[in-house]
Every structure is written in C-alpha cells, then in structure tokens.
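Next up, run10.cif (mmCIF, C-alpha atoms):
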data_run
#
loop_
_atom_site.label_atom_id
_atom_site.label_comp_id
_atom_site.auth_asym_id
_atom_site.auth_seq_id
_atom_site.Cartn_x
_atom_site.Cartn_y
_atom_site.Cartn_z
CA MET A 1 0.49 1.10 25.83
CA THR A 2 1.60 -1.49 28.31
CA GLU A 3 4.72 -0.87 30.32
CA ASP A 4 6.29 -4.31 29.78
CA ASN A 5 5.99 -4.29 25.99
CA ILE A 6 5.47 -1.26 23.82
CA PHE A 7 5.79 -2.68 20.31
CA TYR A 8 3.30 -4.89 18.53
CA ILE A 9 2.84 -6.48 15.12
CA VAL A 10 -0.50 -6.67 13.27
CA ASN A 11 -1.43 -9.82 11.36
CA ASP A 12 -0.98 -9.51 7.57
CA GLU A 13 -4.52 -10.79 6.87
CA TYR A 14 -6.07 -8.09 9.02
CA ILE A 15 -4.09 -5.33 7.28
CA ALA A 16 -5.18 -6.70 3.89
CA TYR A 17 -8.80 -6.81 5.15
CA LEU A 18 -8.79 -3.17 6.29
CA SER A 19 -6.90 -2.01 3.19
CA LYS A 20 -9.86 -3.10 1.06
CA ILE A 21 -12.22 -0.69 2.83
CA GLU A 22 -9.86 2.16 3.77
CA THR A 23 -7.17 3.31 1.33
CA ARG A 24 -5.17 5.20 3.96
CA VAL A 25 -4.18 2.04 5.86
CA MET A 26 -0.39 1.77 5.64
CA LYS A 27 0.58 -1.06 3.35
CA ASN A 28 2.16 -4.06 5.02
CA LYS A 29 4.41 -5.00 2.06
CA PRO A 30 5.18 -8.55 3.24
CA ASP A 31 7.36 -9.21 0.18
CA GLU A 32 9.53 -6.12 0.76
CA ARG A 33 10.28 -6.52 4.47
CA THR A 34 13.74 -5.90 5.79
CA TYR A 35 14.67 -8.26 8.62
CA HIS A 36 11.48 -9.67 10.11
CA ARG A 37 10.07 -6.31 11.11
CA LYS A 38 6.59 -6.61 9.61
CA TYR A 39 4.11 -3.91 10.62
CA VAL A 40 5.48 -2.66 13.94
CA GLY A 41 3.82 -0.03 16.09
CA ILE A 42 2.51 0.89 19.51
CA LEU A 43 -0.92 0.55 21.11
CA THR A 44 -3.21 3.03 22.73
CA GLU A 45 -6.84 2.70 23.74
CA ILE A 46 -9.52 4.96 22.27
CA ASN A 47 -13.31 4.62 22.27
CA GLY A 48 -13.11 1.07 23.66
CA PHE A 49 -10.76 -0.13 20.88
CA LYS A 50 -7.08 -0.99 20.90
CA TYR A 51 -5.60 1.42 18.39
CA PHE A 52 -2.36 0.53 16.66
CA VAL A 53 -0.14 3.50 15.75
CA PRO A 54 2.26 2.36 13.01
CA MET A 55 5.92 3.28 12.99
CA SER A 56 7.69 4.32 9.83
CA SER A 57 11.32 4.66 8.83
CA PRO A 58 12.66 8.18 8.22
CA LYS A 59 11.83 9.61 4.80
CA GLU A 60 12.96 12.70 2.90
CA LYS A 61 9.63 14.40 3.70
CA ASP A 62 10.50 14.18 7.43
CA TYR A 63 13.12 16.91 6.95
CA GLU A 64 12.78 20.57 6.09
CA ASN A 65 15.87 22.56 5.12
CA GLY A 66 18.06 19.76 6.47
CA LYS A 67 16.35 19.77 9.89
CA ILE A 68 13.97 17.21 11.36
CA ARG A 69 10.41 18.53 11.15
CA LYS A 70 8.50 19.46 14.28
CA ASN A 71 5.86 17.11 15.72
CA ASN A 72 2.33 17.77 14.56
CA LEU A 73 -1.14 16.29 14.96
CA THR A 74 -0.48 13.42 12.54
CA THR A 75 3.20 12.61 13.19
CA ILE A 76 5.60 12.37 16.11
CA TYR A 77 9.26 12.24 15.14
CA MET A 78 11.16 9.71 17.27
CA ARG A 79 14.52 11.35 17.70
CA SER A 80 17.49 12.22 19.82
CA LYS A 81 18.81 15.78 19.54
CA GLU A 82 20.05 15.42 15.98
CA LYS A 83 19.15 11.87 14.87
CA LEU A 84 15.76 10.79 13.54
CA TYR A 85 15.05 7.13 14.36
CA GLY A 86 11.61 6.96 12.78
CA THR A 87 8.09 8.33 13.02
CA LEU A 88 4.76 7.47 14.60
CA ARG A 89 2.01 7.96 11.99
CA PHE A 90 -1.18 8.83 13.85
CA ASN A 91 -3.09 9.58 10.64
CA CYS A 92 -2.72 5.86 9.81
CA MET A 93 -3.62 4.44 13.23
CA ILE A 94 -6.15 1.62 13.12
CA PRO A 95 -8.31 -0.29 15.61
CA VAL A 96 -7.15 -3.90 15.91
CA PRO A 97 -8.81 -6.91 17.57
CA HIS A 98 -6.61 -8.48 20.24
CA SER A 99 -6.53 -11.71 18.22
CA GLU A 100 -4.69 -9.92 15.38
CA LEU A 101 -1.87 -8.53 17.55
CA SER A 102 1.37 -10.12 18.63
CA GLU A 103 4.22 -8.71 20.67
CA TYR A 104 7.35 -7.59 18.86
CA LYS A 105 10.31 -8.70 20.95
CA ILE A 106 13.38 -6.55 20.37
CA ASN A 107 15.64 -9.18 21.91
CA ASP A 108 14.66 -11.61 19.15
CA GLU A 109 16.00 -9.24 16.51
CA GLY A 110 18.94 -10.83 14.67
CA ASP A 111 20.60 -7.73 13.21
CA PHE A 112 22.56 -5.83 15.90
CA ASN A 113 22.24 -2.38 14.28
CA TYR A 114 18.52 -2.80 13.76
CA LYS A 115 18.16 -4.01 17.35
CA MET A 116 19.90 -0.82 18.56
CA LEU A 117 17.56 1.30 16.44
CA MET A 118 14.54 -0.48 17.89
CA LEU A 119 15.87 0.04 21.42
CA ALA A 120 16.26 3.76 20.73
CA GLU A 121 12.67 3.89 19.44
CA TYR A 122 11.50 1.89 22.47
CA ASN A 123 13.16 4.34 24.86
CA PHE A 124 11.69 7.30 23.00
CA CYS A 125 8.17 5.83 23.19
CA LYS A 126 8.56 4.95 26.85
CA ASP A 127 9.83 8.44 27.71
CA ASN A 128 7.10 10.15 25.65
CA ARG A 129 4.16 7.93 26.51
CA GLU A 130 1.93 10.77 27.73
CA LYS A 131 2.54 12.88 24.59
CA ILE A 132 1.83 9.86 22.37
CA GLU A 133 -1.46 9.08 24.14
CA LYS A 134 -2.54 12.73 24.01
CA THR A 135 -1.72 13.08 20.30
CA ALA A 136 -3.66 9.92 19.41
CA LYS A 137 -6.76 10.97 21.34
CA ASN A 138 -6.60 14.55 20.08
CA LEU A 139 -6.43 13.49 16.41
CA TYR A 140 -9.22 10.95 16.93
CA GLU A 141 -11.50 13.57 18.50
CA LYS A 142 -10.85 16.12 15.77
CA LYS A 143 -11.35 13.61 12.94
CA CYS A 144 -14.60 12.28 14.43
CA ASN A 145 -16.12 15.57 15.58
CA LEU A 146 -15.10 18.29 13.11
CA GLU A 147 -16.20 18.90 9.56
CA GLU A 148 -13.46 18.56 6.94
CA THR A 149 -13.81 22.27 6.16
CA ASP A 150 -12.93 23.04 9.81
CA PHE A 151 -10.19 20.39 9.90
CA PRO A 152 -8.41 20.24 6.51
CA VAL A 153 -5.91 17.62 7.76
CA ALA A 154 -8.83 15.18 7.90
CA LYS A 155 -8.34 14.28 4.22
CA VAL A 156 -5.09 12.43 5.07
CA VAL A 157 -6.48 10.70 8.17
CA ILE A 158 -8.12 7.27 8.29
CA ASP A 159 -11.89 7.25 8.77
CA PHE A 160 -11.77 5.94 12.34
CA LYS A 161 -15.51 5.33 12.72
CA LYS A 162 -15.63 3.36 9.46
CA VAL A 163 -12.71 1.10 10.38
CA GLU A 164 -14.06 0.60 13.90
CA LYS A 165 -17.18 -1.01 12.40
CA PHE A 166 -15.05 -3.36 10.33
CA CYS A 167 -12.79 -4.10 13.28
CA ALA A 168 -15.79 -5.02 15.44
CA SER A 169 -17.11 -7.41 12.78
CA PHE A 170 -13.76 -8.97 11.79
CA ARG A 171 -13.67 -12.77 11.86
CA LYS A 172 -10.90 -14.98 10.57
#

Take the structure in this file and express it as structure tokens.
Amino acid sequence: MTEDNIFYIVNDEYIAYLSKIETRVMKNKPDERTYHRKYVGILTEINGFKYFVPMSSPKEKDYENGKIRKNNLTTIYMRSKEKLYGTLRFNCMIPVPHSELSEYKINDEGDFNYKMLMLAEYNFCKDNREKIEKTAKNLYEKKCNLEETDFPVAKVVIDFKKVEKFCASFRK
C-alpha cells in the first residue's frame, strides 16, 4: 500500500478476463453500482505482483449473534468499536498489472455520507496497514504451500498461482 493513496479501482475488462479463468474473482457488477464506486480495494505486494484486496459492504454473514465477527485469515472487518464499515476479502485478492489500476479519490465522491464511510475505511486501513499486509502474505503462503487437506479454507480462496500466470500474460 502506498501512504498517499490507499484505495484503487481495477479496470472492468481485467476483472471480466480473470473471472473467465477463476470463478472466485469477486464480480464487478458494473450495471449494479451505487455511486461510482466500481471495484474498490487496497494494494499489497506479494511474489513480485501487485495484489488487489477487494473491499465489500457489510453483509448479514459478517455478524454472529448480533455481533461483528472476529477477523480471520480470509477477512478483516473494518470497524470502529460497534460499527462495521465494510470488509477486506483476502480470499478474493488478485494480482493486477499496473496498467489496469487507477486511484480512487475519496474527495471526488459526490455523496457526502458515502464519502464519510470511505474516509472511515481509509483511516482503518491506514491504522491497520501492518495487520493487512501480514494477513495477505499469510493467506498467500498457506494457499500456495499447503495441501487442501491441511488447509480446508483453501477451497474458498482464489488460486493465486493460476491467476498470476494470467496476470503476467494479460494484454489489452
């Protein structure tokens, strides 16, 4: 992640390209977008690739008995003490060529409430940068180096090595 900008957007064409070879890539849903959010997430670097960790809005599954779930190897819950802003979905992180990334500028956001939400998520990511980096690298290592029988969570995680090959050969 860079200090000056944390959030990025991935080009729709690239998401469609990866979705054809890896079913776990989060869908971009260009026709269902609220505001002009697109596919927003943060970047980390792993194995010589820029990895994009997508953000997701809070869902019912993010709560257990009325409480926000605890962070785990596939998800970090962006939150204040009692409010869930959104999640970082590490099981859906993808390598992205630099040419397919653009900065998401919070200040360009037209809706005030959404802008405040994005600022809260920005502050969370900035304050938890080390934890985010560690989680991404830890999941990557486990997915790439353990057998599925030793790492049952692997079945919900993108095949990083497979998508890296397609990322390296991507051409517009």

Exercise for the section: Check which residues satisfy the PyMOL selection byres ((chain A and resi 17) around 12) in the file shown, then give them as a PyMOL selection string. Expected result: chain A and resi 10-16+18-23+25+27-28+94+96+100+163+166-167+169-172

Write the residues of the selection above to a file with C-alpha atoms, as a compact mmCIF listing (two decimals), keeping the file's coordinate frame.
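As written to disk, out.txt reads:
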# COMPACT_ATOMS: atom_id res chain seq x y z
CA VAL A 10 -0.50 -6.67 13.27
CA ASN A 11 -1.43 -9.82 11.36
CA ASP A 12 -0.98 -9.51 7.57
CA GLU A 13 -4.52 -10.79 6.87
CA TYR A 14 -6.07 -8.09 9.02
CA ILE A 15 -4.09 -5.33 7.28
CA ALA A 16 -5.18 -6.70 3.89
CA LEU A 18 -8.79 -3.17 6.29
CA SER A 19 -6.90 -2.01 3.19
CA LYS A 20 -9.86 -3.10 1.06
CA ILE A 21 -12.22 -0.69 2.83
CA GLU A 22 -9.86 2.16 3.77
CA THR A 23 -7.17 3.31 1.33
CA VAL A 25 -4.18 2.04 5.86
CA LYS A 27 0.58 -1.06 3.35
CA ASN A 28 2.16 -4.06 5.02
CA ILE A 94 -6.15 1.62 13.12
CA VAL A 96 -7.15 -3.90 15.91
CA GLU A 100 -4.69 -9.92 15.38
CA VAL A 163 -12.71 1.10 10.38
CA PHE A 166 -15.05 -3.36 10.33
CA CYS A 167 -12.79 -4.10 13.28
CA SER A 169 -17.11 -7.41 12.78
CA PHE A 170 -13.76 -8.97 11.79
CA ARG A 171 -13.67 -12.77 11.86
CA LYS A 172 -10.90 -14.98 10.57

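Take CA of Thr44 in chain A and CA of Phe7 in chain A: the distance between them is 10.9 Å.
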
With the file shown as input, list the residues that the PyMOL selection byres ((chain A and resi 86) around 8) selects, as a list in words.
-> Met55, Ser56, Ser57, Pro58, Tyr77, Met78, Arg79, Leu84, Tyr85, Thr87, Leu88 and Glu121 of chain A

Judged by only C-alpha atoms, the minimum distance to Glu164 in chain A among A:Met26, A:Ile132, A:Met93, A:Leu119 is found for A:Met93

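By only C-alpha atoms, and with residues fewer than 4 positions from Thr135 in chain A along its chain excluded, the set lying at most 12 Å from it is Thr44, Ile46, Val53, Asn71, Asn72, Leu73, Thr74, Thr75, Ile76, Leu88, Arg89, Phe90, Asn91, Met93, Asn128, Arg129, Glu130, Lys131, Leu139, Tyr140, Glu141 and Lys142 of chain A.
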
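Each of A:Ile9, A:Cys144, A:Val157, A:Ala120 was checked against Ser80 in chain A using only C-alpha atoms; the smallest atom-to-atom distance is that of A:Ala120.
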
Kindly provide, as JSON, the centre and edge lengths (Å, one decimal) of an axis-aligned box around all atoms of range 56-69 of chain A given in the file, with 6 Å on each side.
{"center_x": 12.9, "center_y": 13.4, "center_z": 7.1, "size_x": 22.4, "size_y": 30.2, "size_z": 20.5}

Picked residues, the PyMOL selection byres ((chain A and resi 156) around 10), as an mmCIF file with C-alpha atoms, keeping the file's coordinate frame:
data_model
loop_
_atom_site.group_PDB
_atom_site.id
_atom_site.type_symbol
_atom_site.label_atom_id
_atom_site.label_comp_id
_atom_site.auth_asym_id
_atom_site.auth_seq_id
_atom_site.Cartn_x
_atom_site.Cartn_y
_atom_site.Cartn_z
ATOM 1 C CA ARG A 24 -5.170 5.200 3.960
ATOM 2 C CA THR A 74 -0.480 13.420 12.540
ATOM 3 C CA ASN A 91 -3.090 9.580 10.640
ATOM 4 C CA CYS A 92 -2.720 5.860 9.810
ATOM 5 C CA PRO A 152 -8.410 20.240 6.510
ATOM 6 C CA VAL A 153 -5.910 17.620 7.760
ATOM 7 C CA ALA A 154 -8.830 15.180 7.900
ATOM 8 C CA LYS A 155 -8.340 14.280 4.220
ATOM 9 C CA VAL A 157 -6.480 10.700 8.170
ATOM 10 C CA ILE A 158 -8.120 7.270 8.290
ATOM 11 C CA ASP A 159 -11.890 7.250 8.770
#

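Rounded to one decimal, CA of Glu133 in chain A and CA of Asn113 in chain A lie 28.1 Å from each other.
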
Between A:Leu117, A:Leu101, A:Pro95, A:Phe112, single out the one closest to Lys161 in chain A, counting all atoms listed in the file.
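Once distances to Lys161 in chain A are computed over all atoms listed in the file, the minimum belongs to A:Pro95.
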
Atomic distance CA of Lys143 in chain A - CA of Tyr39 in chain A, expressed in Å with one decimal: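 Those two atoms sit 23.5 Å apart.
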